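Data file: query-v9.txt. Format and content: compact mmCIF, C-alpha atoms and all ligand atoms.
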```
# COMPACT_ATOMS: atom_id res chain seq x y z
CA GLY A 1 10.83 -5.12 -28.51
CA ARG A 2 11.57 -1.36 -28.53
CA GLU A 3 15.08 -0.30 -27.59
CA LEU A 4 15.62 2.87 -25.60
CA GLN A 5 18.96 4.61 -25.10
CA ALA A 6 19.33 6.17 -21.65
CA ASP A 7 22.18 7.54 -19.56
CA ALA A 8 20.71 6.04 -16.43
CA VAL A 9 17.83 3.81 -15.33
CA VAL A 10 15.88 3.82 -12.08
CA VAL A 11 13.93 0.58 -11.63
CA ALA A 12 10.84 1.75 -9.71
CA LEU A 13 8.92 -1.53 -9.66
CA PRO A 14 7.67 -3.92 -6.99
CA ALA A 15 10.33 -6.45 -6.01
CA GLY A 16 9.02 -9.31 -8.20
CA PRO A 17 8.98 -7.45 -11.53
CA ALA A 18 12.24 -5.67 -10.57
CA SER A 19 13.82 -9.08 -10.00
CA GLY A 20 12.69 -10.22 -13.44
CA LEU A 21 14.13 -7.16 -15.14
CA LEU A 22 17.47 -7.38 -13.33
CA ARG A 23 17.97 -11.13 -13.65
CA ALA A 24 20.32 -10.97 -16.63
CA GLU A 25 22.44 -7.98 -15.60
CA ALA A 26 22.39 -8.21 -11.80
CA PRO A 27 21.53 -11.82 -10.88
CA ALA A 28 22.54 -11.49 -7.22
CA ALA A 29 20.27 -8.45 -6.75
CA ALA A 30 17.51 -10.27 -8.64
CA ALA A 31 17.77 -13.28 -6.32
CA GLU A 32 17.50 -11.04 -3.23
CA LEU A 33 14.48 -9.22 -4.67
CA ALA A 34 12.76 -12.48 -5.60
CA ALA A 35 12.73 -13.38 -1.89
CA VAL A 36 10.75 -10.27 -0.86
CA GLU A 37 7.23 -11.34 0.06
CA TYR A 38 4.04 -9.33 -0.40
CA ALA A 39 0.66 -9.26 1.31
CA SER A 40 -2.57 -8.86 -0.60
CA MET A 41 -5.52 -6.94 0.75
CA ALA A 42 -8.97 -5.69 -0.10
CA LEU A 43 -10.63 -2.38 0.64
CA ILE A 44 -14.35 -2.33 1.30
CA THR A 45 -15.98 1.05 0.75
CA LEU A 46 -19.42 1.62 2.29
CA ALA A 47 -21.60 4.70 1.79
CA TYR A 48 -24.38 5.58 4.26
CA ARG A 49 -27.03 8.23 4.46
CA GLY A 50 -25.78 10.79 7.01
CA SER A 51 -28.86 10.30 9.21
CA ASP A 52 -28.18 6.54 9.35
CA ALA A 53 -24.59 7.10 10.49
CA ALA A 54 -25.29 9.86 12.99
CA ALA A 55 -24.08 7.75 15.91
CA LEU A 56 -20.64 7.15 14.38
CA PRO A 57 -18.04 7.97 17.06
CA GLU A 58 -15.70 10.96 16.85
CA GLY A 59 -12.43 10.56 14.99
CA SER A 60 -11.19 9.53 11.59
CA GLY A 61 -11.18 5.75 12.04
CA PHE A 62 -9.58 2.95 14.03
CA LEU A 63 -7.11 0.09 13.82
CA VAL A 64 -7.90 -3.50 14.85
CA PRO A 65 -5.09 -5.59 16.38
CA PRO A 66 -4.80 -9.19 15.08
CA VAL A 67 -5.45 -10.58 18.58
CA ASP A 68 -8.89 -8.95 18.52
CA GLY A 69 -10.38 -11.85 16.54
CA HIS A 70 -12.11 -9.73 13.92
CA THR A 71 -11.93 -9.84 10.13
CA ILE A 72 -11.26 -6.17 9.42
CA LYS A 73 -7.86 -4.77 10.28
CA ALA A 74 -8.80 -1.09 10.12
CA SER A 75 -11.52 1.35 9.22
CA THR A 76 -11.12 4.85 7.85
CA PHE A 77 -14.01 7.28 8.15
CA ALA A 78 -13.09 8.55 4.72
CA SER A 79 -15.55 11.41 4.33
CA ARG A 80 -14.40 12.83 7.68
CA LYS A 81 -10.84 12.92 6.37
CA TRP A 82 -11.62 14.10 2.86
CA GLY A 83 -14.89 16.00 2.42
CA TRP A 84 -14.78 15.69 -1.36
CA ILE A 85 -15.09 11.91 -1.17
CA ALA A 86 -18.87 12.14 -0.71
CA GLY A 87 -19.06 13.65 -4.21
CA ASP A 88 -22.19 15.62 -5.08
CA ASP A 89 -24.01 14.44 -1.96
CA PRO A 90 -22.50 16.10 1.14
CA GLY A 91 -25.07 14.21 3.23
CA LEU A 92 -23.32 10.90 2.53
CA VAL A 93 -20.98 9.30 5.05
CA VAL A 94 -18.31 7.15 3.38
CA LEU A 95 -16.33 4.57 5.36
CA ARG A 96 -13.63 2.16 4.31
CA THR A 97 -12.53 -1.05 5.94
CA SER A 98 -9.51 -3.14 4.98
CA VAL A 99 -9.07 -6.89 5.23
CA GLY A 100 -6.17 -9.23 4.52
CA ARG A 101 -3.23 -9.45 6.84
CA TYR A 102 -0.06 -11.18 5.66
CA GLY A 103 -0.84 -14.88 5.08
CA GLU A 104 -4.63 -14.44 5.36
CA THR A 105 -5.48 -15.92 1.98
CA GLU A 106 -8.74 -17.53 3.10
CA ILE A 107 -10.38 -14.18 3.85
CA LEU A 108 -9.36 -12.72 0.51
CA GLY A 109 -10.78 -15.76 -1.27
CA ARG A 110 -14.30 -14.80 -0.13
CA ASP A 111 -16.60 -13.06 -2.59
CA ASP A 112 -17.43 -9.36 -2.42
CA ALA A 113 -20.75 -9.86 -0.62
CA ALA A 114 -19.03 -11.85 2.13
CA LEU A 115 -16.39 -9.14 2.62
CA VAL A 116 -19.09 -6.47 2.85
CA ALA A 117 -21.01 -8.62 5.38
CA ALA A 118 -17.89 -9.19 7.49
CA SER A 119 -17.10 -5.47 7.42
CA ARG A 120 -20.62 -4.55 8.49
CA HIS A 121 -20.50 -7.09 11.32
CA ASP A 122 -17.19 -5.75 12.66
CA LEU A 123 -18.23 -2.11 12.19
CA ALA A 124 -21.41 -2.78 14.15
CA GLU A 125 -19.40 -4.29 17.02
CA ALA A 126 -16.87 -1.46 17.05
CA THR A 127 -19.08 1.55 16.42
CA GLY A 128 -22.71 0.49 16.75
CA LEU A 129 -23.33 1.24 13.07
CA THR A 130 -25.96 -1.26 11.93
CA ALA A 131 -27.68 0.68 9.12
CA GLU A 132 -27.85 -0.67 5.56
CA PRO A 133 -25.29 1.09 3.34
CA VAL A 134 -26.68 2.78 0.20
CA ALA A 135 -23.68 1.64 -1.85
CA THR A 136 -20.68 -0.66 -1.43
CA ARG A 137 -17.57 -1.42 -3.44
CA VAL A 138 -14.80 -3.97 -2.93
CA THR A 139 -11.37 -3.17 -4.37
CA ARG A 140 -8.76 -5.92 -4.31
CA TRP A 141 -5.03 -5.22 -4.18
CA GLN A 142 -3.11 -8.36 -5.09
CA ASP A 143 0.43 -8.30 -3.64
CA GLY A 144 -0.04 -4.66 -2.67
CA LEU A 145 2.17 -4.42 0.40
CA PRO A 146 5.81 -5.58 0.67
CA GLN A 147 6.63 -7.32 3.95
CA TYR A 148 9.60 -6.27 6.07
CA PRO A 149 10.70 -9.29 8.14
CA VAL A 150 13.73 -9.27 10.42
CA GLY A 151 16.74 -8.92 8.10
CA HIS A 152 14.95 -6.87 5.45
CA HIS A 153 17.17 -3.84 5.98
CA ALA A 154 20.28 -5.97 5.40
CA ARG A 155 18.67 -7.51 2.29
CA VAL A 156 18.01 -4.04 0.90
CA ALA A 157 21.62 -3.07 1.57
CA ARG A 158 22.78 -6.15 -0.37
CA VAL A 159 20.46 -5.33 -3.28
CA ARG A 160 21.80 -1.79 -3.43
CA ALA A 161 25.41 -3.01 -3.22
CA HIS A 162 24.85 -5.42 -6.14
CA VAL A 163 23.01 -2.80 -8.20
CA ALA A 164 25.70 -0.19 -7.52
CA LYS A 165 28.20 -2.35 -9.41
CA LEU A 166 26.35 -1.40 -12.59
CA PRO A 167 26.95 2.30 -13.31
CA GLY A 168 23.80 4.17 -14.21
CA LEU A 169 21.42 1.78 -12.44
CA ALA A 170 19.42 2.34 -9.26
CA VAL A 171 16.30 0.92 -7.60
CA CYS A 172 13.57 2.57 -5.56
CA GLY A 173 10.05 2.04 -4.26
CA ALA A 174 8.07 0.61 -1.39
CA ALA A 175 10.17 -2.55 -1.17
CA TYR A 176 13.26 -0.70 0.10
CA ASP A 177 13.06 2.02 2.72
CA GLY A 178 9.51 1.95 4.01
CA VAL A 179 6.00 1.01 2.89
CA GLY A 180 4.17 4.25 2.24
CA VAL A 181 4.04 7.11 -0.20
CA PRO A 182 6.44 9.47 1.66
CA ALA A 183 9.09 6.74 2.06
CA SER A 184 8.68 5.72 -1.60
CA ILE A 185 9.15 9.30 -2.78
CA ALA A 186 12.22 9.69 -0.57
CA SER A 187 13.73 6.51 -2.01
CA ALA A 188 13.05 7.81 -5.54
CA HIS A 189 14.81 11.08 -4.75
CA ALA A 190 17.74 9.17 -3.25
CA ALA A 191 17.99 6.96 -6.37
CA ALA A 192 17.98 9.96 -8.70
CA ASP A 193 20.53 11.78 -6.55
CA ARG A 194 22.76 8.70 -6.51
CA LEU A 195 22.71 8.49 -10.29
CA THR A 196 23.23 12.18 -10.99
CA GLY A 197 25.70 12.60 -8.15
CA HIS A 198 23.97 15.89 -7.41
CA PRO A 199 21.74 15.85 -4.34
CA VAL A 200 19.11 18.53 -4.80
CA PRO A 201 19.31 21.16 -2.02
CA GLY A 202 16.15 21.26 0.00
CA ARG A 203 15.47 17.54 0.00
CA PHE A 204 15.69 15.65 3.26
CA GLY A 205 15.73 18.82 5.31
CA GLY A 206 18.71 20.41 3.54
CA ALA A 207 19.21 24.07 2.67
CA GLY A 208 16.31 25.65 0.84
CA GLU A 209 13.52 23.75 2.55
C1 LIG V 1 -4.77 -0.61 -0.40
C2 LIG V 1 -3.55 0.21 -0.11
C3 LIG V 1 -3.68 1.38 0.64
C4 LIG V 1 -2.56 2.16 0.88
N1 LIG V 1 -2.73 3.32 1.61
C5 LIG V 1 -1.66 4.10 1.83
C6 LIG V 1 -1.80 5.34 2.53
O1 LIG V 1 -2.90 5.70 2.95
N2 LIG V 1 -0.69 6.10 2.73
C7 LIG V 1 0.54 5.72 2.26
O2 LIG V 1 1.52 6.44 2.45
N3 LIG V 1 0.71 4.56 1.59
C8 LIG V 1 -0.37 3.75 1.36
N4 LIG V 1 -0.21 2.57 0.69
C9 LIG V 1 1.12 2.21 0.23
C10 LIG V 1 1.46 2.96 -1.04
O3 LIG V 1 0.41 2.80 -1.97
C11 LIG V 1 2.74 2.40 -1.62
O4 LIG V 1 3.74 2.50 -0.65
C12 LIG V 1 3.22 3.18 -2.84
O5 LIG V 1 2.23 3.24 -3.84
C13 LIG V 1 4.43 2.46 -3.38
O6 LIG V 1 4.88 3.16 -4.49
P1 LIG V 1 5.82 2.44 -5.51
O7 LIG V 1 6.10 3.44 -6.58
O8 LIG V 1 6.96 1.79 -4.83
O9 LIG V 1 4.95 1.23 -6.08
P2 LIG V 1 3.62 1.24 -6.91
O10 LIG V 1 2.78 2.42 -6.59
O11 LIG V 1 3.05 -0.14 -6.73
O12 LIG V 1 4.14 1.43 -8.40
C14 LIG V 1 4.78 0.40 -9.07
C15 LIG V 1 4.39 0.54 -10.53
O13 LIG V 1 5.07 -0.45 -11.28
C16 LIG V 1 4.19 -0.90 -12.29
N5 LIG V 1 4.64 -2.21 -12.76
C17 LIG V 1 4.55 -3.39 -12.13
N6 LIG V 1 5.11 -4.35 -12.87
C18 LIG V 1 5.58 -3.76 -13.99
C19 LIG V 1 6.29 -4.24 -15.14
N7 LIG V 1 6.64 -5.53 -15.26
N8 LIG V 1 6.61 -3.34 -16.10
C20 LIG V 1 6.26 -2.04 -15.96
N9 LIG V 1 5.61 -1.54 -14.90
C21 LIG V 1 5.27 -2.39 -13.94
C22 LIG V 1 2.85 -0.94 -11.62
O14 LIG V 1 1.82 -0.89 -12.59
C23 LIG V 1 2.90 0.33 -10.79
O15 LIG V 1 2.42 1.45 -11.51
C24 LIG V 1 -1.30 1.77 0.42
C25 LIG V 1 -1.18 0.58 -0.33
C26 LIG V 1 -2.28 -0.19 -0.58
C27 LIG V 1 -2.13 -1.45 -1.39
```
Could you rewrite the structure in this file as structure tokens?
Amino acid sequence: GRELQADAVVVALPAGPASGLLRAEAPAAAAELAAVEYASMALITLAYRGSDAAALPEGSGFLVPPVDGHTIKASTFASRKWGWIAGDDPGLVVLRTSVGRYGETEILGRDDAALVAASRHDLAEATGLTAEPVATRVTRWQDGLPQYPVGHHARVARVRAHVAKLPGLAVCGAAYDGVGVPASIASAHAAADRLTGHPVPGRFGGAGE
């Protein structure tokens, strides 16, 4: 119920909540945003004693194509990428797998133990790692990843055109110009620049970078 006076507003929300907020002022943009679909996923983190994971192949992880017939869609050898992730025990090897492609609701309905078991099965097939992990954690991300079907770019252009009719309003985030932190930051910069009318030199490869 609190009212806030602002010269400009950047709506930096996932498409669903953004649609809800814009429904009264920008109904056409809200309708477009309501149609953006999201995929849910879960991350399974597994920690191993270093000696148990000695045979882990080189590299920082792997991707699994859908046609491969496995549950996991990727694995990141997290402690190889970020040494600090093993915490106080540098002897630990920490891996992550992810499950849940778009539309795969059955897999995400399984309990944590089943997701850990499926991850261990697929990891064993891909890397030979069969040891018992010393710790596991399942983290679920409901509606974490916006989907970009054919026509998404045009939908985003329509959203922006509708929103632009309201001076002082802009939108940004993963639903617009790319799913990922760098693309989200770039879309936030672009939204701020659009509202201030003053692109900051140095952004997007301009002078000063
Ligand atoms: C499991 C997972 C792993 C990922 N790994 C990577 C990676 O390795 N590299 C990479 O580049 N990207 C990665 N991504 C994608 C990246 O996290 C997103 O692209 C990025 O966080 C999107 O930023 P955003 O600001 O658009 O949305 P978000 O980070 O989702 O921020 C939206 C914010 O809006 C808030 N919010 C929602 N509803 C409301 C409401 N009604 N009122 C107020 N606030 C609300 C939320 O709490 C949230 O803080 C990953 C995503 C997931 C799910």
**OP:** Please identify the residues whose atoms come within 8 Å of ligand LIG 1 (chain V), using all atoms listed in the file, and report them as a VMD selection string.
**Re:** chain A and resid 12 to 14 16 to 18 20 to 21 40 to 43 98 140 to 145 172 to 175 178 to 185
Could you make a table, as JSON lines, of the residues of range 10-49 of chain A that have an atom within 10 Å of an atom of range 53-61 of chain A, each with its nearest atom pair and distance in Å to one decimal, counting only C-alpha atoms, in chain and number order?
```
{"residue": "A:Ala47", "atom": "CA", "partner": "A:Ala53", "partner_atom": "CA", "distance": 9.5}
{"residue": "A:Tyr48", "atom": "CA", "partner": "A:Ala53", "partner_atom": "CA", "distance": 6.4}
{"residue": "A:Arg49", "atom": "CA", "partner": "A:Ala53", "partner_atom": "CA", "distance": 6.6}
```
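Residue nearest Ala157 in chain A within the list A:Ala29, A:Val99, A:Ala186, A:Asp52: A:Ala29 [criterion: smallest interatomic distance, all atoms listed in the file].
The space separating CA of Pro149 in chain A from CA of Val9 in chain A comes to 27.8 Å.
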**OP:** Name all residues at most 12 Å from Arg96 in chain A (count all atoms listed in the file; drop same-chain ones fewer than 2 positions away) and give them as a count of residues only.
**Re:** 37
Original post:
Quick one: of A:Asp177, A:Asp122, A:Asp193, A:Asp7, who's nearest to Thr71 in chain A, counting all atoms listed in the file?
Top reply: A:Asp122
Subject >> Polymer residues at most 8 Å from Tyr176 in chain A, all atoms listed in the file, same-chain spacing of 4 or more positions, as a PyMOL selection string >> reply: chain A and resi 153+156+172+187
Dump C-alpha atoms for the selected residues as an mmCIF file, keeping the file's coordinate frame?
```
data_model
loop_
_atom_site.group_PDB
_atom_site.id
_atom_site.type_symbol
_atom_site.label_atom_id
_atom_site.label_comp_id
_atom_site.auth_asym_id
_atom_site.auth_seq_id
_atom_site.Cartn_x
_atom_site.Cartn_y
_atom_site.Cartn_z
ATOM 1 C CA HIS A 153 17.170 -3.840 5.980
ATOM 2 C CA VAL A 156 18.010 -4.040 0.900
ATOM 3 C CA CYS A 172 13.570 2.570 -5.560
ATOM 4 C CA SER A 187 13.730 6.510 -2.010
#
```
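The shortest atom-to-atom distance to Pro65 in chain A, with only C-alpha atoms taken into account, belongs to A:Arg101 out of A:Arg101, A:Gly91, A:Ala190, A:Ala154.
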**OP:** Go ahead and compute the interatomic distance for CA of Thr130 in chain A and CA of Arg110 in chain A, in Å to one decimal.
**Re:** 21.6 Å
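Nearest-residue note for Ala131 in chain A: choosing from A:Ala31, A:Ala26, A:Pro146, A:Ser51, the minimum distance belongs to A:Ser51, counting all atoms listed in the file.
Taking CA of Ala170 in chain A and CA of Leu4 in chain A as endpoints, the distance between them is 16.8 Å.
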Kindly reconstruct range 66-77 of chain A with all heavy atoms and present the result as a PDB file, in the coordinates of the input.
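Once everything was written out, this is result.pdb:
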```
ATOM      1  N   PRO A  66      -4.498  -7.814  15.494  1.00  0.00           N
ATOM      2  CA  PRO A  66      -4.800  -9.190  15.080  1.00  0.00           C
ATOM      3  C   PRO A  66      -5.400 -10.020  16.211  1.00  0.00           C
ATOM      4  O   PRO A  66      -6.251 -10.862  15.977  1.00  0.00           O
ATOM      5  CB  PRO A  66      -3.430  -9.758  14.678  1.00  0.00           C
ATOM      6  CG  PRO A  66      -2.535  -8.587  14.487  1.00  0.00           C
ATOM      7  CD  PRO A  66      -3.104  -7.447  15.262  1.00  0.00           C
ATOM      8  N   VAL A  67      -4.973  -9.774  17.449  1.00  0.00           N
ATOM      9  CA  VAL A  67      -5.450 -10.580  18.580  1.00  0.00           C
ATOM     10  C   VAL A  67      -6.926 -10.343  18.884  1.00  0.00           C
ATOM     11  O   VAL A  67      -7.521 -11.044  19.691  1.00  0.00           O
ATOM     12  CB  VAL A  67      -4.628 -10.282  19.861  1.00  0.00           C
ATOM     13  CG1 VAL A  67      -3.204 -10.792  19.712  1.00  0.00           C
ATOM     14  CG2 VAL A  67      -4.661  -8.796  20.195  1.00  0.00           C
ATOM     15  N   ASP A  68      -7.521  -9.336  18.224  1.00  0.00           N
ATOM     16  CA  ASP A  68      -8.890  -8.950  18.520  1.00  0.00           C
ATOM     17  C   ASP A  68      -9.910  -9.947  17.983  1.00  0.00           C
ATOM     18  O   ASP A  68     -11.077  -9.920  18.382  1.00  0.00           O
ATOM     19  CB  ASP A  68      -9.157  -7.565  17.915  1.00  0.00           C
ATOM     20  CG  ASP A  68     -10.209  -6.795  18.668  1.00  0.00           C
ATOM     21  OD1 ASP A  68     -10.161  -6.820  19.902  1.00  0.00           O
ATOM     22  OD2 ASP A  68     -11.079  -6.193  18.014  1.00  0.00           O
ATOM     23  N   GLY A  69      -9.482 -10.809  17.051  1.00  0.00           N
ATOM     24  CA  GLY A  69     -10.380 -11.850  16.540  1.00  0.00           C
ATOM     25  C   GLY A  69     -11.429 -11.350  15.561  1.00  0.00           C
ATOM     26  O   GLY A  69     -12.469 -11.989  15.416  1.00  0.00           O
ATOM     27  N   HIS A  70     -11.173 -10.231  14.912  1.00  0.00           N
ATOM     28  CA  HIS A  70     -12.110  -9.730  13.920  1.00  0.00           C
ATOM     29  C   HIS A  70     -11.531  -9.844  12.510  1.00  0.00           C
ATOM     30  O   HIS A  70     -10.319 -10.034  12.336  1.00  0.00           O
ATOM     31  CB  HIS A  70     -12.483  -8.274  14.226  1.00  0.00           C
ATOM     32  CG  HIS A  70     -13.403  -8.147  15.393  1.00  0.00           C
ATOM     33  ND1 HIS A  70     -12.942  -8.104  16.688  1.00  0.00           N
ATOM     34  CD2 HIS A  70     -14.753  -8.107  15.471  1.00  0.00           C
ATOM     35  CE1 HIS A  70     -13.975  -8.018  17.521  1.00  0.00           C
ATOM     36  NE2 HIS A  70     -15.092  -8.031  16.803  1.00  0.00           N
ATOM     37  N   THR A  71     -12.395  -9.711  11.506  1.00  0.00           N
ATOM     38  CA  THR A  71     -11.930  -9.840  10.130  1.00  0.00           C
ATOM     39  C   THR A  71     -11.245  -8.570   9.647  1.00  0.00           C
ATOM     40  O   THR A  71     -10.204  -8.628   8.990  1.00  0.00           O
ATOM     41  CB  THR A  71     -13.135 -10.164   9.191  1.00  0.00           C
ATOM     42  OG1 THR A  71     -13.805 -11.306   9.710  1.00  0.00           O
ATOM     43  CG2 THR A  71     -12.658 -10.448   7.776  1.00  0.00           C
ATOM     44  N   ILE A  72     -11.852  -7.411   9.947  1.00  0.00           N
ATOM     45  CA  ILE A  72     -11.260  -6.170   9.420  1.00  0.00           C
ATOM     46  C   ILE A  72     -10.008  -5.831  10.219  1.00  0.00           C
ATOM     47  O   ILE A  72      -9.877  -6.192  11.398  1.00  0.00           O
ATOM     48  CB  ILE A  72     -12.260  -4.993   9.430  1.00  0.00           C
ATOM     49  CG1 ILE A  72     -12.644  -4.573  10.848  1.00  0.00           C
ATOM     50  CG2 ILE A  72     -13.500  -5.345   8.618  1.00  0.00           C
ATOM     51  CD1 ILE A  72     -13.462  -3.281  10.887  1.00  0.00           C
ATOM     52  N   LYS A  73      -9.075  -5.163   9.561  1.00  0.00           N
ATOM     53  CA  LYS A  73      -7.860  -4.770  10.280  1.00  0.00           C
ATOM     54  C   LYS A  73      -7.813  -3.261  10.526  1.00  0.00           C
ATOM     55  O   LYS A  73      -6.950  -2.788  11.258  1.00  0.00           O
ATOM     56  CB  LYS A  73      -6.601  -5.258   9.564  1.00  0.00           C
ATOM     57  CG  LYS A  73      -6.481  -4.861   8.119  1.00  0.00           C
ATOM     58  CD  LYS A  73      -5.208  -5.451   7.514  1.00  0.00           C
ATOM     59  CE  LYS A  73      -4.907  -4.834   6.161  1.00  0.00           C
ATOM     60  NZ  LYS A  73      -3.599  -5.200   5.647  1.00  0.00           N
ATOM     61  N   ALA A  74      -8.732  -2.537   9.888  1.00  0.00           N
ATOM     62  CA  ALA A  74      -8.800  -1.090  10.120  1.00  0.00           C
ATOM     63  C   ALA A  74     -10.063  -0.562   9.479  1.00  0.00           C
ATOM     64  O   ALA A  74     -10.666  -1.201   8.613  1.00  0.00           O
ATOM     65  CB  ALA A  74      -7.584  -0.389   9.511  1.00  0.00           C
ATOM     66  N   SER A  75     -10.463   0.625   9.927  1.00  0.00           N
ATOM     67  CA  SER A  75     -11.520   1.350   9.220  1.00  0.00           C
ATOM     68  C   SER A  75     -11.142   2.819   9.175  1.00  0.00           C
ATOM     69  O   SER A  75     -10.640   3.370  10.157  1.00  0.00           O
ATOM     70  CB  SER A  75     -12.863   1.181   9.932  1.00  0.00           C
ATOM     71  OG  SER A  75     -13.851   1.944   9.257  1.00  0.00           O
ATOM     72  N   THR A  76     -11.344   3.411   8.027  1.00  0.00           N
ATOM     73  CA  THR A  76     -11.120   4.850   7.850  1.00  0.00           C
ATOM     74  C   THR A  76     -12.477   5.499   7.610  1.00  0.00           C
ATOM     75  O   THR A  76     -13.231   5.045   6.741  1.00  0.00           O
ATOM     76  CB  THR A  76     -10.223   5.112   6.624  1.00  0.00           C
ATOM     77  OG1 THR A  76      -8.968   4.483   6.838  1.00  0.00           O
ATOM     78  CG2 THR A  76     -10.006   6.602   6.410  1.00  0.00           C
ATOM     79  N   PHE A  77     -12.777   6.529   8.398  1.00  0.00           N
ATOM     80  CA  PHE A  77     -14.010   7.280   8.150  1.00  0.00           C
ATOM     81  C   PHE A  77     -13.659   8.300   7.067  1.00  0.00           C
ATOM     82  O   PHE A  77     -13.344   9.466   7.320  1.00  0.00           O
ATOM     83  CB  PHE A  77     -14.489   7.960   9.443  1.00  0.00           C
ATOM     84  CG  PHE A  77     -14.718   6.986  10.599  1.00  0.00           C
ATOM     85  CD1 PHE A  77     -14.814   7.450  11.900  1.00  0.00           C
ATOM     86  CD2 PHE A  77     -14.852   5.618  10.372  1.00  0.00           C
ATOM     87  CE1 PHE A  77     -15.032   6.569  12.963  1.00  0.00           C
ATOM     88  CE2 PHE A  77     -15.059   4.721  11.422  1.00  0.00           C
ATOM     89  CZ  PHE A  77     -15.146   5.205  12.725  1.00  0.00           C
TER      90      PHE A  77
END
```
